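Comments concern the structure below.
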Amino acid sequence: GEAGPWAWSRGEAGPGCEVPVPRCSLAMAAACAPLAGDLRSQLLASVDALLFDCDGVLWRGESAIPGAAQLVNLLQERGKLVFFLSNNSTKSREQYVEKLQRLGFRAHCQQVYATAPCAALYLRREIQLCGSVYLIGGAAFRGELQAQGIVCSCPGPEVTPATVQVWANEPLDPKVAAVLVGFDEHFTYLKLCRASRYLRDPACFFLATNTDTLLPLEGGGIPGTGCLVKAVEAASKRTAYVIGKPNDFMFKCIVNEHGIDPSRTVMIGDRLDTDILMGSNCGLRTILTLTGVSTLEEVKAHQESDSPERHKLVPTYYVNSVADLLPGLE
């Protein structure tokens with residue numbers, strides 16, 4: 001492949017880059033200390049890079065979390081590296097930057113690591129895909145793939161034929177070498193059939209943006225991308241390689257691109273099973289903010305568990321809101 005920060009050796013299970021990603025110790029993971037006072041100042045002084053989840057951390061819906069933009073902008077003024085991570089595959093990097101700037105955050109595309117552009121990088125640089133992609137996803141996702149030269153078929157809305165024979169015998173595109181599942185509001189039984197038929201070929205790669213089963217919204221939530229992924233996994237009897245959190249691929253992308261030191265990096269998120277677990281998987285200190293999905297009651301249950309795997313879901317620290325970090329910069 002090409003030389004440069006995205007050039008990795010190939011690997012079976014996932015990215016083959018030689019980036020050291022230390023494993024989180026249970027002692028570090030099981031702390032969950034309130035981050036305040038001198039501890040807050042000491043933490044911010046000890047990190048060079050901060051990774052922020054977006055929804056539930058920096059904003060809720062179309063409203064910024066009070067004080068979040070002030071924090072992010074001040075961190076950058078103080079020379080900290082700030083990155084925005086999201087499992088959402090329905091927006092391009094440009095759309096994320098537009099929203100961040102509209103809500104008052106200083107941001108540019110090189111700071112955004114979402115599953116759509118990272119999936120494109122994985123296909124192009126890690127597995128060096130020869131062929132096209134059958135995409136279960138939306139227009140923005142298709143655009144991110146096409147921007148990196150990846151050919152994909154993405155049917156969008158379509159009418160499902162009435163007969164089983166059509167579902168089972170529809171001609172398949174022989175150029176398809178990967179199935180990629182993201183959020184698709186037009187997901188149908190026909191798309192499920194098509195994906196599972198492609199995946200009968202063991203040489204066909206199977207990727208998913210994330211396995212989040214809940215898409216939190218103001219006033220409740222709806223089924224997330226993980227529900228679509230589980231359907232395709234069940235139909236194909238295969239397991240998808242997951243690009244997004246809690247896997248470490250997005251973090252390895254950031255390390256390769258920006259050279260950050262895991263020991264001087266902190267992950268800030270609102271979900272234990274994605275944000276905090278990714279931080280643990282990457283050997284990072286983690287901060288849970290209570291403005292989103294997960295609660296301290298859930299943290300306590302994981303702390304009291306005898307399972308080492310559940311201990312990895314416990315953050316190093318917690319705050320009520322990311323705005324609580326502001327006094328640590330004074």
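Following the order of the structure tokens, first chain is A, next is B, and so on, with residues numbered from 1 inside each chain and ligands from 1 in the order they appear.
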For A:Glu144, work out the shell of residues within 9 Å, counting only C-alpha atoms and skipping chain neighbours fewer than 4 positions away, then give it as a list in words.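 Listing them by chain and then by number gives Ser92, Arg93, Ala116, Pro117, Ala119, Ala120, Ala139, Ala140, Gln148 and Ile150 of chain A.
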For A:Gly292, find every residue with an atom within 9 Å (counting only C-alpha atoms), except residues of its own chain fewer than 5 positions away, and show them as a list in words. Asp55, Gly56, Val57, Arg60, Pro216, Gly269, Asp270 and Arg271 of chain A
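Proximity ranking of A:Tyr134, A:Met267, A:Lys191, A:Leu145 relative to A:Val159 places A:Lys191 first, based on only C-alpha atoms.
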Length of the atom CA of A:Thr225 to atom CA of A:Ser89 vector [Å]: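 About the pair atom CA of A:Thr225 and atom CA of A:Ser89: they are 9.1 Å apart.
If you measure from each of A:His108, A:Lys237, A:Arg285, A:Lys312 to A:Arg197 using only C-alpha atoms, the closest one turns out to be A:Lys237.
Reported to one decimal place, the separation of atom CA of A:Asp53 from atom CA of A:Ala31 is 20.7 Å.
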Would you give me, as a ChimeraX atom specification, the residues in stretch 118-264 of chain A that DSSP reads as helix (DSSP H, G or I)? /A:118-126,139-147,164-169,189-198,225-236,249-258,262-264
With only C-alpha atoms as the basis for distance, which of A:Val314, A:Val229, A:Ile268, A:Ala69 is at the shortest distance from A:Leu85?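 Using only C-alpha atoms, the shortest distance to A:Leu85 belongs to A:Ile268.
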Please provide the set of residues having any atom within 12 Å of A:Leu214, restricted to only C-alpha atoms, with same-chain residues fewer than 5 positions apart removed, written as a list in words. Asn87, Asn88, Phe183, Gly220, Gly221, Ile222, Pro223, Gly224, Thr225, Gly226, Cys227, Leu228, Arg271, Asp273, Thr274 and Val293 of chain A
Which one of A:Cys152, A:Ala107, A:Cys282, A:Val266 sits closest to A:Leu44 if you count only C-alpha atoms? A:Val266
Sorted per-residue table, stretch 31-135 of chain A near stretch 239-258 of chain A, closest atoms and distance, 12 Å, only C-alpha atoms, as JSON lines:
```
{"residue": "A:Asp48", "atom": "CA", "partner": "A:His258", "partner_atom": "CA", "distance": 11.5}
{"residue": "A:Ala49", "atom": "CA", "partner": "A:His258", "partner_atom": "CA", "distance": 10.0}
{"residue": "A:Leu50", "atom": "CA", "partner": "A:Ile254", "partner_atom": "CA", "distance": 11.2}
{"residue": "A:Leu51", "atom": "CA", "partner": "A:Phe251", "partner_atom": "CA", "distance": 9.0}
{"residue": "A:Phe52", "atom": "CA", "partner": "A:Phe251", "partner_atom": "CA", "distance": 11.7}
{"residue": "A:Asp53", "atom": "CA", "partner": "A:Lys245", "partner_atom": "CA", "distance": 9.9}
{"residue": "A:Leu81", "atom": "CA", "partner": "A:His258", "partner_atom": "CA", "distance": 9.2}
{"residue": "A:Val82", "atom": "CA", "partner": "A:Ile254", "partner_atom": "CA", "distance": 10.7}
{"residue": "A:Phe83", "atom": "CA", "partner": "A:Ile254", "partner_atom": "CA", "distance": 8.5}
{"residue": "A:Phe84", "atom": "CA", "partner": "A:Ile254", "partner_atom": "CA", "distance": 10.5}
{"residue": "A:Leu85", "atom": "CA", "partner": "A:Met250", "partner_atom": "CA", "distance": 8.0}
{"residue": "A:Ser86", "atom": "CA", "partner": "A:Gly244", "partner_atom": "CA", "distance": 7.7}
{"residue": "A:Asn87", "atom": "CA", "partner": "A:Gly244", "partner_atom": "CA", "distance": 5.5}
{"residue": "A:Asn88", "atom": "CA", "partner": "A:Gly244", "partner_atom": "CA", "distance": 8.9}
{"residue": "A:Ser89", "atom": "CA", "partner": "A:Gly244", "partner_atom": "CA", "distance": 9.6}
{"residue": "A:Gln110", "atom": "CA", "partner": "A:Glu257", "partner_atom": "CA", "distance": 9.1}
{"residue": "A:Gln111", "atom": "CA", "partner": "A:Ile254", "partner_atom": "CA", "distance": 8.8}
{"residue": "A:Val112", "atom": "CA", "partner": "A:Ile254", "partner_atom": "CA", "distance": 9.6}
{"residue": "A:Tyr113", "atom": "CA", "partner": "A:Met250", "partner_atom": "CA", "distance": 6.7}
{"residue": "A:Ala114", "atom": "CA", "partner": "A:Gly244", "partner_atom": "CA", "distance": 7.7}
{"residue": "A:Thr115", "atom": "CA", "partner": "A:Gly244", "partner_atom": "CA", "distance": 5.6}
{"residue": "A:Ala116", "atom": "CA", "partner": "A:Ile243", "partner_atom": "CA", "distance": 8.9}
{"residue": "A:Pro117", "atom": "CA", "partner": "A:Met250", "partner_atom": "CA", "distance": 9.9}
{"residue": "A:Cys118", "atom": "CA", "partner": "A:Met250", "partner_atom": "CA", "distance": 6.7}
{"residue": "A:Ala119", "atom": "CA", "partner": "A:Ile243", "partner_atom": "CA", "distance": 6.2}
{"residue": "A:Ala120", "atom": "CA", "partner": "A:Ile243", "partner_atom": "CA", "distance": 9.9}
{"residue": "A:Leu121", "atom": "CA", "partner": "A:Cys253", "partner_atom": "CA", "distance": 8.8}
{"residue": "A:Tyr122", "atom": "CA", "partner": "A:Ile243", "partner_atom": "CA", "distance": 8.0}
{"residue": "A:Leu123", "atom": "CA", "partner": "A:Ile243", "partner_atom": "CA", "distance": 10.4}
{"residue": "A:Arg125", "atom": "CA", "partner": "A:Cys253", "partner_atom": "CA", "distance": 10.9}
{"residue": "A:Glu126", "atom": "CA", "partner": "A:Phe249", "partner_atom": "CA", "distance": 10.5}
{"residue": "A:Ile127", "atom": "CA", "partner": "A:Tyr241", "partner_atom": "CA", "distance": 11.9}
```
Considering only C-alpha atoms, can you say which of A:Leu217, A:Leu284, A:Ala178, A:Leu43 comes closest to A:Gln128? A:Ala178
Identify, on the basis of only C-alpha atoms, every residue whose closest approach to A:Ala68 does not exceed 8 Å; exclude the query and any residue fewer than 3 positions from it along the same chain; express the result as a PyMOL selection string. chain A and resi 58-59+64-65+71-72+322-323
I'd like the contact shell of A:Asn169 - 12 Å cut-off, only C-alpha atoms, skipping same-chain residues fewer than 6 positions apart - returned as a PDB file with all heavy atoms, in the first residue's frame.
```
ATOM      1  N   PRO A 161     -39.983  -6.870  -3.462  1.00  0.00           N
ATOM      2  CA  PRO A 161     -40.834  -7.702  -4.321  1.00  0.00           C
ATOM      3  C   PRO A 161     -41.723  -8.627  -3.505  1.00  0.00           C
ATOM      4  O   PRO A 161     -41.380  -9.023  -2.387  1.00  0.00           O
ATOM      5  CB  PRO A 161     -39.821  -8.487  -5.157  1.00  0.00           C
ATOM      6  CG  PRO A 161     -38.565  -7.693  -5.101  1.00  0.00           C
ATOM      7  CD  PRO A 161     -38.560  -7.031  -3.758  1.00  0.00           C
ATOM      8  N   THR A 163     -42.665 -11.768  -4.048  1.00  0.00           N
ATOM      9  CA  THR A 163     -42.484 -13.224  -4.052  1.00  0.00           C
ATOM     10  C   THR A 163     -41.152 -13.636  -3.457  1.00  0.00           C
ATOM     11  O   THR A 163     -40.128 -12.988  -3.656  1.00  0.00           O
ATOM     12  CB  THR A 163     -42.564 -13.769  -5.493  1.00  0.00           C
ATOM     13  OG1 THR A 163     -41.477 -13.238  -6.247  1.00  0.00           O
ATOM     14  CG2 THR A 163     -43.876 -13.359  -6.153  1.00  0.00           C
ATOM     15  N   LEU A 190     -35.398  -7.447   1.997  1.00  0.00           N
ATOM     16  CA  LEU A 190     -34.642  -7.702   0.775  1.00  0.00           C
ATOM     17  C   LEU A 190     -33.163  -7.375   0.964  1.00  0.00           C
ATOM     18  O   LEU A 190     -32.280  -8.106   0.501  1.00  0.00           O
ATOM     19  CB  LEU A 190     -35.221  -6.888  -0.384  1.00  0.00           C
ATOM     20  CG  LEU A 190     -34.540  -7.063  -1.751  1.00  0.00           C
ATOM     21  CD1 LEU A 190     -34.574  -8.531  -2.179  1.00  0.00           C
ATOM     22  CD2 LEU A 190     -35.214  -6.186  -2.798  1.00  0.00           C
ATOM     23  N   CYS A 193     -31.656 -10.187   2.912  1.00  0.00           N
ATOM     24  CA  CYS A 193     -31.411 -11.351   2.049  1.00  0.00           C
ATOM     25  C   CYS A 193     -30.161 -11.148   1.198  1.00  0.00           C
ATOM     26  O   CYS A 193     -29.307 -12.040   1.085  1.00  0.00           O
ATOM     27  CB  CYS A 193     -32.616 -11.578   1.134  1.00  0.00           C
ATOM     28  SG  CYS A 193     -34.076 -12.218   1.961  1.00  0.00           S
ATOM     29  N   ARG A 194     -30.061  -9.968   0.617  1.00  0.00           N
ATOM     30  CA  ARG A 194     -28.942  -9.669  -0.273  1.00  0.00           C
ATOM     31  C   ARG A 194     -27.616  -9.767   0.487  1.00  0.00           C
ATOM     32  O   ARG A 194     -26.654 -10.393   0.026  1.00  0.00           O
ATOM     33  CB  ARG A 194     -29.140  -8.265  -0.838  1.00  0.00           C
ATOM     34  CG  ARG A 194     -28.726  -8.090  -2.284  1.00  0.00           C
ATOM     35  CD  ARG A 194     -29.032  -6.671  -2.716  1.00  0.00           C
ATOM     36  NE  ARG A 194     -30.332  -6.526  -3.315  1.00  0.00           N
ATOM     37  CZ  ARG A 194     -31.154  -5.492  -3.119  1.00  0.00           C
ATOM     38  NH1 ARG A 194     -30.816  -4.518  -2.296  1.00  0.00           N
ATOM     39  NH2 ARG A 194     -32.310  -5.440  -3.720  1.00  0.00           N
ATOM     40  N   ARG A 197     -26.651 -13.327   1.378  1.00  0.00           N
ATOM     41  CA  ARG A 197     -26.222 -14.096   0.207  1.00  0.00           C
ATOM     42  C   ARG A 197     -24.791 -13.738  -0.188  1.00  0.00           C
ATOM     43  O   ARG A 197     -23.993 -14.616  -0.535  1.00  0.00           O
ATOM     44  CB  ARG A 197     -27.197 -13.880  -0.950  1.00  0.00           C
ATOM     45  CG  ARG A 197     -28.572 -14.520  -0.712  1.00  0.00           C
ATOM     46  CD  ARG A 197     -29.533 -14.192  -1.847  1.00  0.00           C
ATOM     47  NE  ARG A 197     -29.058 -14.788  -3.118  1.00  0.00           N
ATOM     48  CZ  ARG A 197     -29.350 -14.288  -4.308  1.00  0.00           C
ATOM     49  NH1 ARG A 197     -30.061 -13.167  -4.415  1.00  0.00           N
ATOM     50  NH2 ARG A 197     -28.915 -14.895  -5.400  1.00  0.00           N
TER      51      ARG A 197
END
```
Please report, as a ChimeraX atom specification, each residue of stretch 81-274 of chain A to which DSSP assigns strand (DSSP E or B) when run on this structure's backbone. /A:81-86,112-114,132-136,152-153,176-181,205-208,214-217,220-223,241-242,265-269
